[in-house]
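Dumped model-v1.cif below, it's mmCIF, C-alpha atoms:
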data_input
#
loop_
_atom_site.label_atom_id
_atom_site.label_comp_id
_atom_site.auth_asym_id
_atom_site.auth_seq_id
_atom_site.Cartn_x
_atom_site.Cartn_y
_atom_site.Cartn_z
CA MET A 1 -34.49 -49.81 -5.50
CA ASN A 2 -31.31 -50.46 -7.47
CA ARG A 3 -30.25 -48.59 -10.58
CA ARG A 4 -31.71 -51.13 -13.02
CA GLU A 5 -35.05 -50.98 -11.25
CA GLN A 6 -34.98 -47.17 -11.36
CA LEU A 7 -34.24 -47.20 -15.06
CA GLN A 8 -36.98 -49.72 -15.69
CA GLU A 9 -39.47 -47.61 -13.78
CA ALA A 10 -38.49 -44.52 -15.75
CA TYR A 11 -38.82 -46.49 -18.99
CA GLU A 12 -42.25 -47.83 -18.05
CA GLU A 13 -43.45 -44.34 -17.17
CA ALA A 14 -42.29 -42.94 -20.49
CA LEU A 15 -43.86 -45.90 -22.31
CA PHE A 16 -47.21 -45.45 -20.64
CA ALA A 17 -47.22 -41.73 -21.27
CA LEU A 18 -46.90 -42.64 -24.97
CA LEU A 19 -49.43 -45.48 -24.91
CA MET A 20 -51.98 -43.39 -23.02
CA GLU A 21 -52.11 -40.90 -25.89
CA ASP A 22 -54.00 -43.46 -27.98
CA VAL A 23 -56.21 -44.51 -25.08
CA ILE A 24 -57.24 -40.94 -24.51
CA GLU A 25 -57.80 -40.34 -28.19
CA ASP A 26 -60.08 -43.39 -28.41
CA GLU A 27 -61.97 -42.40 -25.27
CA GLY A 28 -62.23 -38.82 -26.50
CA LYS A 29 -63.76 -39.93 -29.79
CA ARG A 30 -66.36 -41.95 -27.90
CA LEU A 31 -67.15 -38.96 -25.70
CA LEU A 32 -67.47 -36.62 -28.68
CA GLU A 33 -69.96 -39.07 -30.19
CA GLU A 34 -71.85 -39.13 -26.90
CA ASN A 35 -71.74 -35.34 -26.72
CA HIS A 36 -73.18 -35.12 -30.22
CA ARG A 37 -75.93 -37.57 -29.29
CA LEU A 38 -76.77 -35.59 -26.12
CA GLN A 39 -77.00 -32.37 -28.10
CA GLN A 40 -79.71 -34.00 -30.25
CA ASP A 41 -81.50 -35.49 -27.24
CA PRO A 42 -84.25 -33.20 -25.83
CA SER A 43 -84.27 -35.10 -22.52
CA ALA A 44 -80.61 -34.12 -21.97
CA ALA A 45 -81.39 -30.41 -22.27
CA VAL A 46 -80.31 -28.13 -19.45
CA SER A 47 -82.65 -25.31 -18.46
CA ASP A 48 -81.84 -21.73 -19.48
CA LYS A 49 -81.75 -20.62 -15.86
CA VAL A 50 -79.13 -23.23 -15.01
CA ASN A 51 -77.13 -22.23 -18.08
CA GLU A 52 -77.28 -18.58 -17.06
CA ARG A 53 -76.08 -19.41 -13.56
CA CYS A 54 -73.18 -21.48 -14.90
CA VAL A 55 -72.10 -18.72 -17.30
CA LYS A 56 -72.38 -16.24 -14.41
CA THR A 57 -70.11 -18.53 -12.36
CA ILE A 58 -67.52 -18.38 -15.14
CA LYS A 59 -67.66 -14.56 -15.25
CA LYS A 60 -67.47 -14.24 -11.45
CA ALA A 61 -64.48 -16.58 -11.33
CA PHE A 62 -62.63 -14.49 -13.92
CA ALA A 63 -63.49 -11.24 -12.11
CA LYS A 64 -62.17 -12.72 -8.85
CA GLU A 65 -58.96 -13.81 -10.55
CA ARG A 66 -58.48 -10.34 -12.05
CA ARG A 67 -58.92 -8.72 -8.61
CA ARG A 68 -56.49 -11.17 -7.08
CA GLU A 69 -53.87 -10.50 -9.74
CA ALA A 70 -54.34 -6.73 -9.45
CA GLY A 71 -53.89 -7.02 -5.70
CA LYS A 72 -50.70 -9.01 -6.19
CA VAL A 73 -49.32 -6.45 -8.64
CA THR A 74 -50.19 -3.58 -6.29
CA TYR A 75 -48.61 -5.40 -3.36
CA ARG A 76 -45.44 -6.09 -5.38
CA ALA A 77 -45.24 -2.46 -6.51
CA PHE A 78 -45.72 -1.13 -2.99
CA SER A 79 -43.21 -3.62 -1.62
CA LYS A 80 -40.63 -2.35 -4.06
CA LEU A 81 -41.50 1.27 -3.31
CA SER A 82 -41.32 0.59 0.42
CA LEU A 83 -37.95 -1.06 0.00
CA VAL A 84 -36.62 1.88 -2.00
CA ALA A 85 -38.06 4.33 0.55
CA MET A 86 -36.51 2.40 3.43
CA LEU A 87 -33.14 2.34 1.72
CA CYS A 88 -33.33 6.08 1.15
CA ILE A 89 -34.28 6.66 4.78
CA LEU A 90 -31.47 4.41 5.94
CA LEU A 91 -28.89 6.17 3.75
CA PHE A 92 -30.18 9.58 4.83
CA ALA A 93 -30.19 8.61 8.51
CA THR A 94 -26.63 7.32 8.25
CA ALA A 95 -25.44 10.49 6.56
CA PHE A 96 -27.46 12.55 9.02
CA ALA A 97 -25.88 10.85 12.01
CA ALA A 98 -22.39 10.97 10.58
CA SER A 99 -22.33 14.51 9.32
CA PRO A 100 -22.86 17.49 11.60
CA GLN A 101 -22.98 19.70 8.54
CA LEU A 102 -25.85 17.74 7.12
CA ARG A 103 -27.62 17.65 10.45
CA VAL A 104 -27.49 21.38 10.87
CA ALA A 105 -28.25 22.06 7.27
CA THR A 106 -31.42 20.06 7.26
CA LEU A 107 -32.99 20.78 10.63
CA ASN A 108 -35.10 23.83 11.56
CA LEU A 109 -34.84 25.64 14.89
CA LEU A 110 -36.68 23.61 17.49
CA ILE A 111 -37.65 24.84 20.86
CA GLU A 112 -38.40 21.99 23.21
CA VAL A 113 -39.65 22.79 26.64
CA SER A 114 -39.32 20.26 29.42
CA ASP A 115 -39.84 20.45 33.15
CA VAL A 116 -36.27 21.43 33.93
CA SER A 117 -34.92 23.13 30.86
CA THR A 118 -35.72 24.47 27.50
CA GLU A 119 -33.57 23.45 24.61
CA LEU A 120 -33.18 25.42 21.46
CA SER A 121 -31.75 23.46 18.60
CA PHE A 122 -31.01 24.53 15.11
CA THR A 123 -33.05 22.93 12.36
CA ASP A 124 -31.97 25.27 9.62
CA GLY A 125 -28.81 26.90 8.57
CA GLY A 126 -25.31 25.50 8.53
CA ALA A 127 -22.59 24.92 11.00
CA GLU A 128 -20.52 27.74 9.63
CA GLN A 129 -18.83 30.13 11.95
CA PRO A 130 -20.70 33.39 12.47
CA HIS A 131 -19.66 36.14 10.19
CA ASP A 132 -17.32 38.38 12.02
CA HIS A 133 -17.03 41.87 10.81
CA GLU A 134 -15.29 44.99 11.64
CA THR A 135 -17.40 48.03 11.97
CA ASP A 136 -16.88 51.61 12.50
CA ALA A 137 -18.53 51.26 15.86
CA PRO A 138 -17.10 53.56 18.46
CA VAL A 139 -15.09 52.26 21.39
CA GLY A 140 -17.29 50.64 24.00
CA VAL A 141 -19.70 49.28 21.49
CA TYR A 142 -19.33 45.58 21.05
CA THR A 143 -20.04 43.53 18.00
CA PHE A 144 -20.17 39.84 17.36
CA GLY A 145 -21.92 37.55 14.90
CA GLY A 146 -23.55 40.43 13.06
CA TYR A 147 -24.87 41.97 16.28
CA THR A 148 -23.95 45.32 17.77
CA ILE A 149 -24.59 45.56 21.48
CA PRO A 150 -25.74 48.97 22.65
CA ALA A 151 -23.93 50.93 25.27
CA ALA A 152 -24.86 50.58 28.90
CA PRO A 153 -28.35 51.75 29.73
CA GLU A 154 -28.71 54.75 32.00
CA GLY A 155 -27.79 53.88 35.54
CA LEU A 156 -25.78 50.85 34.58
CA SER A 157 -22.14 50.49 33.75
CA LEU A 158 -20.02 47.85 32.12
CA THR A 159 -19.02 45.30 34.73
CA ALA A 160 -17.94 42.35 32.58
CA HIS A 161 -16.74 41.80 29.07
CA SER A 162 -15.19 38.83 27.37
CA GLN A 163 -14.87 37.93 23.75
CA THR A 164 -13.49 34.87 22.03
CA ARG A 165 -13.66 33.56 18.54
CA ARG A 166 -16.87 31.76 19.46
CA SER A 167 -18.62 34.06 21.91
CA LEU A 168 -19.19 37.51 23.31
CA TYR A 169 -20.30 38.29 26.84
CA ILE A 170 -21.25 41.77 28.08
CA GLN A 171 -22.69 42.66 31.45
CA TYR A 172 -23.99 46.04 32.62
CA ALA A 173 -24.87 46.39 36.30
CA ASN A 174 -25.60 48.96 39.00
CA ASP A 175 -24.79 49.21 42.66
CA ALA A 176 -27.97 47.41 43.59
CA ASP A 177 -26.69 44.36 41.81
CA ASN A 178 -29.29 44.67 39.14
CA ALA A 179 -27.63 43.58 35.95
CA ILE A 180 -28.38 43.04 32.35
CA SER A 181 -26.13 40.80 30.30
CA VAL A 182 -25.85 39.81 26.71
CA LYS A 183 -24.28 36.58 25.63
CA ILE A 184 -23.85 35.70 21.98
CA THR A 185 -22.64 32.18 21.33
CA ALA A 186 -21.66 30.71 18.01
CA MET A 187 -23.39 27.42 17.45
CA SER A 188 -20.86 24.59 17.88
CA GLU A 189 -23.37 22.06 19.11
CA SER A 190 -26.78 21.86 17.60
CA SER A 191 -28.62 22.78 20.79
CA TYR A 192 -28.55 25.41 23.53
CA ALA A 193 -30.14 24.62 26.89
CA VAL A 194 -31.74 27.26 29.07
CA ASP A 195 -32.80 26.74 32.67
CA THR A 196 -36.55 26.98 32.84
CA GLU A 197 -37.12 24.89 35.94
CA ASP A 198 -39.72 26.46 38.23
CA ALA A 199 -40.01 29.45 35.90
CA GLN A 200 -43.15 31.55 36.29
CA THR A 201 -43.57 31.93 32.56
CA VAL A 202 -41.95 30.41 29.53
CA GLU A 203 -43.24 31.99 26.37
CA LYS A 204 -42.27 31.32 22.80
CA ILE A 205 -41.80 34.56 20.90
CA GLU A 206 -40.38 35.91 17.72
CA PHE A 207 -37.60 38.48 17.91
CA LEU A 208 -35.91 40.16 14.95
CA GLY A 209 -37.63 37.55 12.79
CA PHE A 210 -36.25 34.56 14.68
CA GLN A 211 -37.91 32.14 17.06
CA GLY A 212 -37.02 32.44 20.69
CA ILE A 213 -38.30 32.17 24.23
CA LEU A 214 -38.98 34.65 27.01
CA ILE A 215 -38.63 33.35 30.57
CA GLU A 216 -39.60 34.96 33.79
CA LYS A 217 -38.17 33.25 36.83
CA ASN A 218 -38.10 34.82 40.26
CA ASP A 219 -37.02 38.42 39.62
CA ASN A 220 -35.14 37.61 36.46
CA THR A 221 -36.14 37.90 32.85
CA GLN A 222 -34.36 36.02 30.14
CA LEU A 223 -34.72 36.42 26.39
CA VAL A 224 -33.07 33.87 24.12
CA TRP A 225 -33.33 33.44 20.39
CA GLY A 226 -31.55 31.46 17.70
CA ASP A 227 -30.27 33.34 14.69
CA THR A 228 -30.42 30.67 12.01
CA GLU A 229 -28.70 32.87 9.49
CA GLN A 230 -25.71 33.82 11.58
CA ASN A 231 -25.78 30.51 13.45
CA VAL A 232 -25.61 32.09 16.87
CA PHE A 233 -27.70 32.00 20.01
CA VAL A 234 -28.34 35.35 21.63
CA GLU A 235 -29.21 35.45 25.30
CA ILE A 236 -30.20 38.55 27.24
CA LEU A 237 -30.53 38.10 30.99
CA GLY A 238 -32.02 40.80 33.14
CA ILE A 239 -31.43 40.26 36.86
CA GLY A 240 -33.87 42.41 38.74
CA PHE A 241 -35.38 43.66 35.50
CA ASP A 242 -38.85 42.87 34.28
CA GLN A 243 -39.99 41.84 30.83
CA GLU A 244 -40.62 45.37 29.59
CA GLU A 245 -37.19 46.60 30.60
CA VAL A 246 -35.38 43.64 29.06
CA LEU A 247 -37.30 43.99 25.82
CA ARG A 248 -36.57 47.70 25.73
CA PHE A 249 -32.85 46.98 26.08
CA ALA A 250 -33.02 44.21 23.50
CA SER A 251 -34.65 46.52 20.99
CA GLY A 252 -31.45 48.55 21.05
CA ILE A 253 -29.45 45.65 19.70
CA GLN A 254 -28.67 46.13 16.09
CA ARG A 255 -28.36 43.35 13.63
CA LEU A 256 -26.72 43.56 10.27
CA ASP A 257 -28.40 41.69 7.42
CA MET A 258 -26.27 39.02 5.74
CA ASN A 259 -26.38 41.15 2.60
CA GLN A 260 -24.90 44.06 4.43
CA MET A 261 -21.97 42.04 5.72
CA PRO A 262 -18.67 43.19 4.25
CA GLU A 263 -17.00 40.46 2.21
CA MET B 1 -47.25 0.89 -13.73
CA ILE B 2 -49.96 1.24 -16.37
CA CYS B 3 -48.26 -1.36 -18.56
CA THR B 4 -48.01 -3.70 -15.59
CA PHE B 5 -51.67 -3.30 -14.81
CA CYS B 6 -52.61 -3.95 -18.42
CA SER B 7 -50.76 -7.23 -18.29
CA VAL B 8 -52.71 -8.22 -15.18
CA VAL B 9 -56.03 -8.12 -16.97
CA ASP B 10 -56.79 -11.55 -18.37
CA ASP B 11 -56.90 -12.07 -22.08
CA PRO B 12 -60.62 -11.35 -22.71
CA ASN B 13 -60.59 -14.34 -25.05
CA ASP B 14 -60.06 -16.64 -22.05
CA GLN B 15 -63.49 -15.80 -20.69
CA GLU B 16 -65.05 -16.20 -24.11
CA TYR B 17 -63.23 -19.51 -24.52
CA MET B 18 -64.61 -20.84 -21.24
CA ILE B 19 -68.13 -19.76 -22.13
CA TRP B 20 -67.74 -21.47 -25.52
CA LEU B 21 -66.45 -24.62 -23.79
CA TYR B 22 -69.42 -24.65 -21.44
CA ASN B 23 -71.93 -24.13 -24.26
CA GLU B 24 -70.25 -26.89 -26.29
CA PHE B 25 -69.96 -29.54 -23.57
CA HIS B 26 -72.48 -28.64 -20.88
CA ARG B 27 -74.80 -31.56 -21.66
CA LEU B 28 -71.88 -34.01 -21.49
CA MET B 29 -70.79 -32.44 -18.18
CA PHE B 30 -74.24 -32.76 -16.65
CA ALA B 31 -74.57 -36.31 -18.00
CA THR B 32 -71.26 -37.25 -16.34
CA ALA B 33 -72.34 -35.67 -13.03
CA LYS B 34 -75.62 -37.58 -13.19
CA LYS B 35 -73.72 -40.88 -13.45
CA HIS B 36 -72.17 -40.30 -10.02
CA THR B 37 -75.02 -38.82 -8.03
CA ALA B 38 -78.76 -39.11 -8.28
CA ASN B 39 -79.32 -35.82 -6.43
CA PRO B 40 -80.30 -33.11 -8.95
CA SER B 41 -79.20 -30.30 -6.62
CA ASP B 42 -75.67 -31.70 -6.74
CA TRP B 43 -75.41 -31.72 -10.54
CA GLU B 44 -75.26 -27.94 -10.92
CA ASP B 45 -72.79 -27.62 -8.03
CA ILE B 46 -70.54 -30.26 -9.57
CA VAL B 47 -70.62 -28.66 -13.01
CA GLN B 48 -69.94 -25.16 -11.61
CA ASP B 49 -67.03 -26.44 -9.50
CA SER B 50 -65.72 -28.28 -12.57
CA LEU B 51 -65.86 -25.04 -14.58
CA VAL B 52 -63.81 -23.23 -11.93
CA ASN B 53 -61.25 -26.05 -11.97
CA LEU B 54 -61.11 -26.06 -15.77
CA MET B 55 -60.61 -22.30 -15.78
CA LYS B 56 -57.33 -22.77 -13.93
CA LYS B 57 -56.03 -25.03 -16.70
CA ILE B 58 -57.13 -22.90 -19.61
CA SER B 59 -53.73 -22.81 -21.28
CA LEU B 60 -53.66 -26.63 -21.18
CA LEU B 61 -57.20 -26.90 -22.54
CA ARG B 62 -56.42 -24.66 -25.48
CA ALA B 63 -53.56 -26.98 -26.49
CA PHE B 64 -55.75 -30.13 -26.58
CA GLU B 65 -57.27 -31.68 -29.63
CA ARG B 66 -61.05 -31.76 -29.45
CA CYS B 67 -61.27 -35.45 -28.51
CA THR B 68 -58.62 -35.08 -25.82
CA LEU B 69 -60.44 -31.97 -24.55
CA SER B 70 -63.68 -33.90 -24.16
CA ALA B 71 -61.85 -36.68 -22.25
CA TYR B 72 -60.22 -34.11 -19.96
CA ILE B 73 -63.51 -32.36 -19.25
CA VAL B 74 -65.19 -35.65 -18.36
CA SER B 75 -62.24 -36.63 -16.13
CA THR B 76 -62.49 -33.30 -14.34
CA VAL B 77 -66.24 -33.63 -13.78
CA ARG B 78 -65.76 -37.19 -12.52
CA ASN B 79 -63.03 -36.13 -10.05
CA VAL B 80 -65.11 -33.20 -8.83
CA SER B 81 -68.06 -35.59 -8.37
CA PHE B 82 -65.93 -37.88 -6.21
CA ASN B 83 -64.79 -34.94 -4.07
CA HIS B 84 -68.34 -33.64 -3.80
CA LEU B 85 -69.61 -37.02 -2.63
CA LYS B 86 -66.81 -37.39 -0.11
CA LYS B 87 -67.51 -33.89 1.25
CA HIS B 88 -71.10 -34.88 1.86
CA GLY B 89 -70.07 -38.04 3.62
CA ASN B 90 -70.85 -40.44 0.78
CA HIS B 91 -68.45 -43.28 0.25
CA VAL B 92 -67.08 -43.41 -3.27
CA ARG B 93 -66.83 -46.95 -4.48
CA LEU B 94 -64.84 -47.39 -7.62
CA ARG B 95 -65.73 -50.14 -10.05
CA ASP B 96 -63.51 -53.08 -9.23
CA LYS B 97 -62.26 -55.90 -11.37
CA ALA B 98 -60.19 -58.87 -10.36
CA GLN B 99 -56.57 -57.85 -10.26
CA ASN B 100 -53.70 -59.95 -11.35
CA ASN B 101 -51.07 -59.51 -8.69
CA ALA B 102 -48.52 -61.81 -10.30
CA LEU B 103 -45.67 -59.35 -10.43
CA ALA B 104 -43.32 -62.16 -11.48
CA ASP B 105 -44.89 -61.98 -14.92
CA VAL B 106 -43.66 -58.48 -15.57
CA PRO B 107 -42.07 -58.34 -19.02
CA TYR B 108 -38.51 -57.09 -19.18
CA ALA B 109 -37.36 -54.02 -21.03
CA ASP B 110 -36.59 -55.95 -24.20
CA ASP B 111 -40.18 -57.14 -24.38
CA LEU B 112 -41.50 -53.71 -23.76
CA VAL B 113 -39.81 -52.33 -26.84
CA HIS B 114 -42.01 -54.15 -29.32
CA MET B 115 -45.09 -53.15 -27.41
CA ILE B 116 -44.56 -49.57 -28.53
CA TYR B 117 -45.66 -50.80 -31.93
CA GLN B 118 -48.73 -52.44 -30.44
CA LYS B 119 -50.25 -49.55 -28.62
CA ASP B 120 -53.71 -50.55 -29.78
CA ARG B 121 -53.54 -53.35 -27.25
CA LEU B 122 -53.70 -50.95 -24.33
CA SER B 123 -56.87 -49.43 -25.76
CA PHE B 124 -58.22 -52.92 -26.24
CA ILE B 125 -57.62 -54.08 -22.65
CA TRP B 126 -58.40 -50.69 -21.11
CA ASP B 127 -61.93 -51.52 -20.07
CA ASN B 128 -60.63 -54.61 -18.28
CA LEU B 129 -58.68 -52.49 -15.87
CA PRO B 130 -60.32 -51.51 -12.55
CA GLU B 131 -61.59 -47.94 -12.45
CA GLU B 132 -58.97 -46.98 -9.87
CA GLU B 133 -56.16 -48.10 -12.16
CA GLN B 134 -57.74 -46.26 -15.10
CA LEU B 135 -57.90 -43.09 -12.99
CA LEU B 136 -54.29 -43.51 -11.93
CA LEU B 137 -52.88 -44.12 -15.40
CA LYS B 138 -54.95 -41.40 -17.04
CA GLY B 139 -54.34 -38.89 -14.27
CA LYS B 140 -50.59 -39.50 -14.15
CA TYR B 141 -49.64 -39.99 -17.79
CA SER B 142 -52.33 -38.09 -19.71
CA TRP B 143 -53.20 -35.18 -17.44
CA GLY B 144 -49.97 -34.87 -15.45
CA TYR B 145 -51.61 -34.84 -12.01
CA ALA B 146 -49.27 -34.69 -9.04
CA ASP B 147 -49.30 -37.53 -6.51
CA GLU B 148 -51.20 -35.33 -4.06
CA GLU B 149 -53.98 -34.66 -6.57
CA LEU B 150 -54.27 -38.36 -7.38
CA ALA B 151 -54.31 -39.20 -3.67
CA ALA B 152 -57.15 -36.72 -3.10
CA VAL B 153 -59.23 -38.32 -5.84
CA LEU B 154 -58.54 -41.87 -4.69
CA ASN B 155 -58.79 -41.02 -1.00
CA CYS B 156 -55.42 -42.47 -0.10
CA LYS B 157 -52.04 -41.21 1.05
CA PRO B 158 -49.76 -39.56 -1.51
CA ASP B 159 -46.96 -41.94 -0.51
CA SER B 160 -48.96 -44.90 -1.74
CA ILE B 161 -49.54 -43.49 -5.22
CA ARG B 162 -46.18 -44.63 -6.57
CA MET B 163 -46.78 -48.27 -5.60
CA LYS B 164 -50.35 -48.12 -6.92
CA LEU B 165 -49.05 -46.76 -10.23
CA THR B 166 -46.45 -49.52 -10.49
CA ARG B 167 -49.14 -52.14 -9.89
CA ALA B 168 -51.45 -50.49 -12.43
CA ARG B 169 -48.74 -50.43 -15.08
CA ARG B 170 -47.76 -54.03 -14.44
CA HIS B 171 -51.38 -55.14 -14.51
CA ALA B 172 -51.94 -53.36 -17.84
CA LEU B 173 -48.76 -54.86 -19.28
CA ASN B 174 -49.80 -58.33 -18.12
CA LEU B 175 -53.17 -58.01 -19.79
CA MET B 176 -51.53 -56.76 -22.96
CA GLU B 177 -49.14 -59.72 -22.96
CA GLN B 178 -51.99 -62.15 -22.42
CA LEU B 179 -53.84 -60.55 -25.33
CA GLU B 180 -50.76 -60.89 -27.52
CA GLU B 181 -50.46 -64.54 -26.61
CA GLU B 182 -54.13 -65.11 -27.38
CA GLN B 183 -53.76 -63.35 -30.70
CA GLY B 184 -50.67 -65.40 -31.42
CA ASN B 185 -52.54 -68.64 -30.64
CA GLU B 186 -55.45 -67.62 -32.86
CA GLN B 187 -53.14 -67.03 -35.76
CA THR B 188 -51.61 -70.43 -35.39
#

Would you put the structure from the file into structure tokens?
Amino acid sequence: MNRREQLQEAYEEALFALLMEDVIEDEGKRLLEENHRLQQDPSAAVSDKVNERCVKTIKKAFAKERRREAGKVTYRAFSKLSLVAMLCILLFATAFAASPQLRVATLNLLIEVSDVSTELSFTDGGAEQPHDHETDAPVGVYTFGGYTIPAAPEGLSLTAHSQTRRSLYIQYANDADNAISVKITAMSESSYAVDTEDAQTVEKIEFLGFQGILIEKNDNTQLVWGDTEQNVFVEILGIGFDQEEVLRFASGIQRLDMNQMPE
Amino acid sequence: MICTFCSVVDDPNDQEYMIWLYNEFHRLMFATAKKHTANPSDWEDIVQDSLVNLMKKISLLRAFERCTLSAYIVSTVRNVSFNHLKKHGNHVRLRDKAQNNALADVPYADDLVHMIYQKDRLSFIWDNLPEEEQLLLKGKYSWGYADEELAAVLNCKPDSIRMKLTRARRHALNLMEQLEEEQGNEQT
């Protein structure tokens, strides 16, 4: 179709749209007259029951349309909410993955036990260094991260000691190679793994108000807890000592409250 | 959220308007349905389906003058009747008149101009057009049906609607020109 033919077609369409107005008006007048005649004609009457059913159809159709529109509005609202929620989750996850501070600050201490190890991970607290403090503790009494390690129990003597900015290790032992050690580690990673493979018992406990685990494996007893205020893991290992003895030793460990820490 | 939900609820006047429309024109609607099927059980179905269709065009209906409204309602009932018959396997045969296929007689644009002032002629020759052409011209230019809607009513492919419309227009224009010539001869 060339341009002239296109223009002619468009012109004809516009013309007929105009001409049809009068055709419809004439037809409509005839139909109104017929409608008026039917309204006067008893034989054209429609029964009341049929009328009721038709009016009911109108009402049902409107009710259905209202439900459909309400569903659409609800769906749109929830779609928007879901989108906003997903964006928030995405932003939070990105910040969470990128920021160790945020990770540590928002998680609580989790203890996850698997077949070969138990992992303690911080889910609360920050990644700050443990508060170090000087005390008036006598020589031979070791302190780190708010903890004061008691002196060697009777029958045991100090056999190992090391202290860095991030950890303290103390071991007391006897001639029979029974030993009890304390290791306090500042949290640099968010988790601390403990060997629980083939352990006889692995029990979750609470010690000094913190969650921890108590492991019995062979002749050894191990007590580990995570101090979420000082951000340290404390591990007490008793080689050749049972649960009661290790717990008795651990009860001698003193912990300073954060409020009692010197500034 | 509350404001949004309030806007979802239809204007209660729409329902009242439809009920008024039904009460006003229900006899005409049933009379139209009766023209297309002799089965009484179909009449109510056709009228109810027509009401549902009309409900979807309520904003258009409200804008019509009363005579145009009655023509639209009857067109709707007729189209629904055709669909109803087709669904039940009945062949819809539209009233046919002899068609003038002499496309060479199409008046040019210059001739069309003066016809705008003779729009009565279309009304005059309207009944001489086959029912299919009437449906096409009314559906396209009065009611604004899409090609697909027209194709569904006429039981043909949407692609063929454009050619059918062109033929319908040309046929109507031919008849109008013949009428003008006859009127011109009578005057002389």

Residue neighbourhood range 140-157 of chain B, 7 Å, all atoms listed in the file, exclusion window fewer than 4 positions, as number ranges by chain:
A: 16-17, 20-21; B: 79, 82-83, 136, 161

Given the PyMOL selection byres ((chain A) within 8 of (chain B)) and the file above, list the residues it selects as a PyMOL selection string.
chain A and resi 8-9+11-13+15-17+19-29+31-32+34-35+38-39+44-46+50+54-55+57-59+61-62+66+69-70+73

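The gap separating CA of Gln211 in chain A from CA of Thr228 in chain A is 9.2 Å, in Å to one decimal.
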
Give as a PyMOL selection string each residue that has an atom at most 8 Å from (-74.4, -32.6, -2.4) in the file, counting only C-alpha atoms.
chain B and resi 39+41-42+45+84-85+87-88

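When CA of Glu235 in chain A is paired with CA of Ala193 in chain A, their separation reads 11.0 Å.
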
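Minimum distance to Tyr172 in chain A across A:Leu90, A:Ile184, A:Val84, A:Ile239 (counting all atoms listed in the file) occurs at A:Ile239.
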
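Atom to atom, CA of Glu197 in chain A and CA of Leu237 in chain A stand 15.6 Å apart.
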
Evaluating the PyMOL selection byres ((chain A and resi 166) around 7) on the displayed file yields which residues, as a ChimeraX atom specification?
/A:164-165,167,185-186

File dump, residues just selected, C-alpha atoms, as a tab-separated table (two decimals), in the coordinates of the input:
chain	number	residue	atom	x	y	z
A	164	THR	CA	-13.49	34.87	22.03
A	165	ARG	CA	-13.66	33.56	18.54
A	167	SER	CA	-18.62	34.06	21.91
A	185	THR	CA	-22.64	32.18	21.33
A	186	ALA	CA	-21.66	30.71	18.01

Could you list, as a PDB file with C-alpha atoms, in the frame of the given file, every residue within 12 Å of Ala151 in chain A, counting only C-alpha atoms and ignoring same-chain residues fewer than 3 positions away?
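Output below, filename around_26.pdb:
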ATOM      1  CA  ALA A 137     -18.530  51.260  15.860  1.00  0.00           C
ATOM      2  CA  PRO A 138     -17.100  53.560  18.460  1.00  0.00           C
ATOM      3  CA  VAL A 139     -15.090  52.260  21.390  1.00  0.00           C
ATOM      4  CA  GLY A 140     -17.290  50.640  24.000  1.00  0.00           C
ATOM      5  CA  VAL A 141     -19.700  49.280  21.490  1.00  0.00           C
ATOM      6  CA  TYR A 142     -19.330  45.580  21.050  1.00  0.00           C
ATOM      7  CA  THR A 143     -20.040  43.530  18.000  1.00  0.00           C
ATOM      8  CA  THR A 148     -23.950  45.320  17.770  1.00  0.00           C
ATOM      9  CA  GLU A 154     -28.710  54.750  32.000  1.00  0.00           C
ATOM     10  CA  GLY A 155     -27.790  53.880  35.540  1.00  0.00           C
ATOM     11  CA  LEU A 156     -25.780  50.850  34.580  1.00  0.00           C
ATOM     12  CA  SER A 157     -22.140  50.490  33.750  1.00  0.00           C
ATOM     13  CA  LEU A 158     -20.020  47.850  32.120  1.00  0.00           C
ATOM     14  CA  ILE A 170     -21.250  41.770  28.080  1.00  0.00           C
ATOM     15  CA  GLN A 171     -22.690  42.660  31.450  1.00  0.00           C
ATOM     16  CA  TYR A 172     -23.990  46.040  32.620  1.00  0.00           C
ATOM     17  CA  ALA A 173     -24.870  46.390  36.300  1.00  0.00           C
ATOM     18  CA  ILE A 180     -28.380  43.040  32.350  1.00  0.00           C
ATOM     19  CA  SER A 181     -26.130  40.800  30.300  1.00  0.00           C
ATOM     20  CA  VAL A 182     -25.850  39.810  26.710  1.00  0.00           C
ATOM     21  CA  PHE A 249     -32.850  46.980  26.080  1.00  0.00           C
ATOM     22  CA  ALA A 250     -33.020  44.210  23.500  1.00  0.00           C
ATOM     23  CA  GLY A 252     -31.450  48.550  21.050  1.00  0.00           C
ATOM     24  CA  ILE A 253     -29.450  45.650  19.700  1.00  0.00           C
ATOM     25  CA  GLN A 254     -28.670  46.130  16.090  1.00  0.00           C
TER      26      GLN A 254
END
